[in-house]
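One structure is given here, and the rest of the page talks about it.
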Amino acid sequence: MANCPGLVSEAVDTIISGVGIVVMLSFASDGAGAFSLIVSQIGCLQNGTAEEVKKIVTILNEAEVPSEDVVEVVISPPFVFLTLVKSLLRSDFAVAAQNCWVRRGGAFTGEISAEMLVNLGIPWVILGHSERRSLLGETNEFVGDKVAYALSKGLKVIACVGETLEQRESGSTTEVVAAQTKAIAERVTNWADVVIAYEPVWAIGTGKVATPAQAQEVHFDLRKWLEANVSTEVASSTRIIYGGSVNAANSKELAGQPDVDGFLVGGASLKVRTLLLL
Ligand SMILES: O=C[C@H](O)COP(=O)(O)O
């Protein structure tokens with residue numbers, strides 16, 4: 001996000017103040033053609049009624065953000081609100097699902113397939129969120145398989161990685177995040193459609209945001225890993241965004257870190273208080 005931190009901060013402020021959900025924002029890391037991506041994940045399981053979602057979309061529709069080639073905005077509601085959001089959302093913002101099934105659709109009651117998302121015209125999907133890894137037992141390999149299948153169907157993927165507090169304290173952050181990234185990278189065929197979201201588990205929904213230095217360190221390591229294991233081109237062009245207790249107050253400093261290409265913001269965007277303060 002070093003390319004245009006002013007624009008990024010501006011966009012983050014605008015989105016966070018206007019929404020009340022989860023926001024992700026990212027920028028290409030190479031100097032040429034800087035652009036950004038903001039994903040607002042509107043509502044998790046406990047959050048959101050159709051009325052609330054409509055209100056949020058109305059506010060988003062009025063938000064002032066830099067043009068699409070500078071700031072890419074993606075709204076990611078729960079499955080049940082995808083079509084509602086898509087139907088109401090301004091045309092320069094896109095929509096993402098928060099998950100999808102690992103393989104071709106079939107008799108997997110309750111699951112949503114990549115094919116269904118494509119059929120609905122949903123271009124993005126978030127995969128490997130830490131809540132799915134820890135609460136629903138998704139392994140690195142399973143997440144990698146999901147990424148591969150979603151990409152094969154033409155979806156763009158926001159692939160989440162991140163260490164627990166215990167892993168950080170035992171000094172294994174780099175190793176954990178590299179293993180998660182490896183399982184994804186081995187199955188990626190088209191890096192242009194992949195964004196990596198670094199979300200330290202200890203920072204998600206806790207109010208304990210990573211310091212700018214902590215975030216930068218992991219993002220730098222991730223980029224180094226991509227350079228060593230994929231290619232220099234992929235390392236420089238892949239957007240690596242940060243998620244975990246991002247809010248309007250801490251976003252500016254985080255946004256100034258050279259390898260932090262954007263944000264995935266949750267709780268901050270749900271707070272009306274935040275909205276009123278900005
Ligand atoms: O899904 C949301 C992200 O994990 C970040 O959430 P948060 O901003 O509430 O910590």
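Following the order of the structure tokens, first chain is A, next is B, and so on, with residues numbered from 1 inside each chain and ligands from 1 in the order they appear.
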Output the neighbourhood of ligand 1 as a VMD selection string, that is, all protein and nucleic acid residues with some atom at most 7 Å from the ligand, counting only C-alpha atoms and all ligand atoms.
-> chain A and resid 22 41 129 199 203 to 207 243 to 246 264 to 268
Check the DSSP output for the backbone and give back, as a count of residues only, the residues of region 84-241 of chain A in strand (DSSP E).
-> 23
Per DSSP on the backbone, what are the helix (DSSP H, G or I) residues of region 72-205 of chain A, as number ranges by chain?
-> A: 79-88, 114-120, 130-135, 140-152, 165-169, 173-185, 191-193, 201-203
Computed interatomic separation between CA of Leu226 (chain A) and CA of Ser134 (chain A) (Å) | 24.8 Å
CA of Gln180 (chain A) to CA of Gly106 (chain A), distance in Å rounded to a single decimal |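 Between CA of Gln180 (chain A) and CA of Gly106 (chain A) the gap is 27.2 Å.
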For Glu253 (chain A): contacts at 9 Å, only C-alpha atoms, fewer than 4 positions along chain excluded, given as a ChimeraX atom specification | /A:9,211-212,249,257
Which residues come within 9 Å of region 187-192 of chain A, counting only C-alpha atoms, excluding same-chain residues fewer than 3 positions away, as a ChimeraX atom specification?
-> /A:144-145,147-149,151-152,156,182-184,195,234,237-238
Using all heavy atoms, can you write the selected residues to a file as a JSON list (two decimals), in the first residue's frame?
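Dumped to part.json:
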[["chain", "number", "residue", "atom", "x", "y", "z"],
["A", 144, "GLY", "N", -6.46, -25.56, 0.41],
["A", 144, "GLY", "CA", -5.78, -25.53, -0.88],
["A", 144, "GLY", "C", -6.65, -26.11, -1.99],
["A", 144, "GLY", "O", -6.73, -25.57, -3.10],
["A", 145, "ASP", "N", -7.32, -27.22, -1.67],
["A", 145, "ASP", "CA", -8.21, -27.84, -2.66],
["A", 145, "ASP", "C", -9.37, -26.92, -3.02],
["A", 145, "ASP", "O", -9.80, -26.83, -4.17],
["A", 145, "ASP", "CB", -8.75, -29.18, -2.13],
["A", 145, "ASP", "CG", -7.70, -30.27, -2.15],
["A", 145, "ASP", "OD1", -6.66, -30.10, -2.83],
["A", 145, "ASP", "OD2", -7.90, -31.30, -1.47],
["A", 147, "VAL", "N", -9.35, -23.66, -2.88],
["A", 147, "VAL", "CA", -8.82, -22.57, -3.70],
["A", 147, "VAL", "C", -8.70, -23.03, -5.16],
["A", 147, "VAL", "O", -9.13, -22.35, -6.09],
["A", 147, "VAL", "CB", -7.46, -22.09, -3.16],
["A", 147, "VAL", "CG1", -6.78, -21.13, -4.15],
["A", 147, "VAL", "CG2", -7.63, -21.42, -1.79],
["A", 148, "ALA", "N", -8.13, -24.23, -5.33],
["A", 148, "ALA", "CA", -7.93, -24.76, -6.68],
["A", 148, "ALA", "C", -9.27, -24.90, -7.41],
["A", 148, "ALA", "O", -9.40, -24.51, -8.58],
["A", 148, "ALA", "CB", -7.23, -26.12, -6.61],
["A", 149, "TYR", "N", -10.26, -25.45, -6.71],
["A", 149, "TYR", "CA", -11.54, -25.68, -7.39],
["A", 149, "TYR", "C", -12.23, -24.35, -7.72],
["A", 149, "TYR", "O", -12.75, -24.17, -8.82],
["A", 149, "TYR", "CB", -12.46, -26.58, -6.56],
["A", 149, "TYR", "CG", -13.60, -27.08, -7.41],
["A", 149, "TYR", "CD1", -13.37, -28.06, -8.36],
["A", 149, "TYR", "CD2", -14.86, -26.50, -7.33],
["A", 149, "TYR", "CE1", -14.39, -28.48, -9.22],
["A", 149, "TYR", "CE2", -15.88, -26.92, -8.18],
["A", 149, "TYR", "CZ", -15.64, -27.90, -9.12],
["A", 149, "TYR", "OH", -16.63, -28.31, -9.97],
["A", 151, "LEU", "N", -10.87, -21.46, -8.24],
["A", 151, "LEU", "CA", -10.17, -20.83, -9.36],
["A", 151, "LEU", "C", -10.52, -21.51, -10.69],
["A", 151, "LEU", "O", -10.70, -20.84, -11.71],
["A", 151, "LEU", "CB", -8.64, -20.90, -9.14],
["A", 151, "LEU", "CG", -8.07, -19.99, -8.04],
["A", 151, "LEU", "CD1", -6.59, -20.32, -7.82],
["A", 151, "LEU", "CD2", -8.24, -18.51, -8.38],
["A", 152, "SER", "N", -10.62, -22.83, -10.63],
["A", 152, "SER", "CA", -10.92, -23.57, -11.87],
["A", 152, "SER", "C", -12.30, -23.21, -12.42],
["A", 152, "SER", "O", -12.57, -23.38, -13.60],
["A", 152, "SER", "CB", -10.82, -25.08, -11.65],
["A", 152, "SER", "OG", -11.98, -25.57, -11.00],
["A", 156, "LYS", "N", -12.57, -15.50, -8.25],
["A", 156, "LYS", "CA", -11.38, -14.88, -7.68],
["A", 156, "LYS", "C", -11.39, -15.19, -6.19],
["A", 156, "LYS", "O", -12.45, -15.17, -5.56],
["A", 156, "LYS", "CB", -11.38, -13.37, -7.93],
["A", 156, "LYS", "CG", -11.22, -13.05, -9.42],
["A", 156, "LYS", "CD", -11.07, -11.57, -9.67],
["A", 156, "LYS", "CE", -12.42, -10.92, -9.81],
["A", 156, "LYS", "NZ", -12.36, -9.55, -10.31],
["A", 182, "LYS", "N", 1.85, -22.47, 1.42],
["A", 182, "LYS", "CA", 2.34, -23.52, 0.52],
["A", 182, "LYS", "C", 1.19, -24.39, 0.02],
["A", 182, "LYS", "O", 1.09, -24.68, -1.18],
["A", 182, "LYS", "CB", 3.36, -24.39, 1.27],
["A", 182, "LYS", "CG", 3.96, -25.52, 0.46],
["A", 182, "LYS", "CD", 5.11, -26.16, 1.27],
["A", 182, "LYS", "CE", 5.84, -27.23, 0.46],
["A", 182, "LYS", "NZ", 5.10, -28.48, 0.37],
["A", 183, "ALA", "N", 0.30, -24.78, 0.94],
["A", 183, "ALA", "CA", -0.82, -25.65, 0.56],
["A", 183, "ALA", "C", -1.73, -24.96, -0.46],
["A", 183, "ALA", "O", -2.35, -25.62, -1.30],
["A", 183, "ALA", "CB", -1.62, -26.05, 1.80],
["A", 184, "ILE", "N", -1.79, -23.65, -0.37],
["A", 184, "ILE", "CA", -2.59, -22.88, -1.33],
["A", 184, "ILE", "C", -1.80, -22.71, -2.64],
["A", 184, "ILE", "O", -2.29, -23.03, -3.72],
["A", 184, "ILE", "CB", -2.95, -21.50, -0.74],
["A", 184, "ILE", "CG1", -3.91, -21.67, 0.45],
["A", 184, "ILE", "CG2", -3.53, -20.57, -1.80],
["A", 184, "ILE", "CD1", -4.02, -20.47, 1.36],
["A", 195, "VAL", "N", -5.83, -13.24, -3.88],
["A", 195, "VAL", "CA", -5.37, -12.27, -2.88],
["A", 195, "VAL", "C", -5.11, -13.07, -1.62],
["A", 195, "VAL", "O", -5.89, -13.95, -1.26],
["A", 195, "VAL", "CB", -6.47, -11.22, -2.60],
["A", 195, "VAL", "CG1", -6.13, -10.37, -1.37],
["A", 195, "VAL", "CG2", -6.68, -10.32, -3.81],
["A", 234, "VAL", "N", 5.10, -12.98, -9.32],
["A", 234, "VAL", "CA", 3.95, -13.25, -8.46],
["A", 234, "VAL", "C", 4.15, -12.58, -7.09],
["A", 234, "VAL", "O", 3.22, -11.99, -6.52],
["A", 234, "VAL", "CB", 3.73, -14.78, -8.30],
["A", 234, "VAL", "CG1", 2.80, -15.09, -7.13],
["A", 234, "VAL", "CG2", 3.15, -15.35, -9.60],
["A", 237, "SER", "N", 3.37, -8.87, -7.55],
["A", 237, "SER", "CA", 2.03, -8.46, -8.00],
["A", 237, "SER", "C", 0.89, -8.96, -7.12],
["A", 237, "SER", "O", -0.21, -8.42, -7.18],
["A", 237, "SER", "CB", 1.79, -8.93, -9.44],
["A", 237, "SER", "OG", 1.84, -10.34, -9.50],
["A", 238, "THR", "N", 1.15, -9.97, -6.29],
["A", 238, "THR", "CA", 0.06, -10.51, -5.47],
["A", 238, "THR", "C", -0.25, -9.58, -4.31],
["A", 238, "THR", "O", 0.65, -9.17, -3.57],
["A", 238, "THR", "CB", 0.41, -11.92, -4.95],
["A", 238, "THR", "OG1", 0.64, -12.77, -6.07],
["A", 238, "THR", "CG2", -0.71, -12.49, -4.09]]
Please measure the separation of CA of Asn250 (chain A) and CA of Leu165 (chain A), giving the value in Å to one decimal.
-> 20.3 Å
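Counting only C-alpha atoms and comparing A:Lys146, A:Leu222, A:Ile75, A:Ala215, the residue that lies closest to Arg103 (chain A) is A:Lys146.
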Skipping near chain neighbours, those fewer than 4 positions away, what residues fall within 9 Å of Phe220 (chain A) using only C-alpha atoms, listed as an MDAnalysis selection string?
-> chainID A and resid 215:216 224:225 258:260
Written file, previous selection with N, CA and C atoms, as a short mmCIF file (atom, residue, chain, number, x, y, z; two decimals), in the first residue's frame:
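The result, written out as selection.cif:
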data_model
loop_
_atom_site.label_atom_id
_atom_site.label_comp_id
_atom_site.auth_asym_id
_atom_site.auth_seq_id
_atom_site.Cartn_x
_atom_site.Cartn_y
_atom_site.Cartn_z
N ALA A 215 2.59 -6.66 11.45
CA ALA A 215 1.92 -6.96 10.18
C ALA A 215 2.93 -6.91 9.04
N GLN A 216 3.73 -5.85 9.00
CA GLN A 216 4.71 -5.71 7.93
C GLN A 216 5.69 -6.89 7.89
N LYS A 224 8.43 -12.76 0.48
CA LYS A 224 9.71 -13.46 0.26
C LYS A 224 9.44 -14.92 -0.09
N TRP A 225 8.47 -15.50 0.63
CA TRP A 225 8.13 -16.91 0.38
C TRP A 225 7.64 -17.08 -1.06
N PRO A 258 4.93 -0.96 3.73
CA PRO A 258 5.16 -1.23 2.31
C PRO A 258 4.56 -2.53 1.79
N ASP A 259 4.45 -3.55 2.64
CA ASP A 259 3.94 -4.83 2.14
C ASP A 259 2.51 -5.11 2.57
N VAL A 260 1.87 -4.14 3.19
CA VAL A 260 0.46 -4.29 3.55
C VAL A 260 -0.37 -3.67 2.42
#
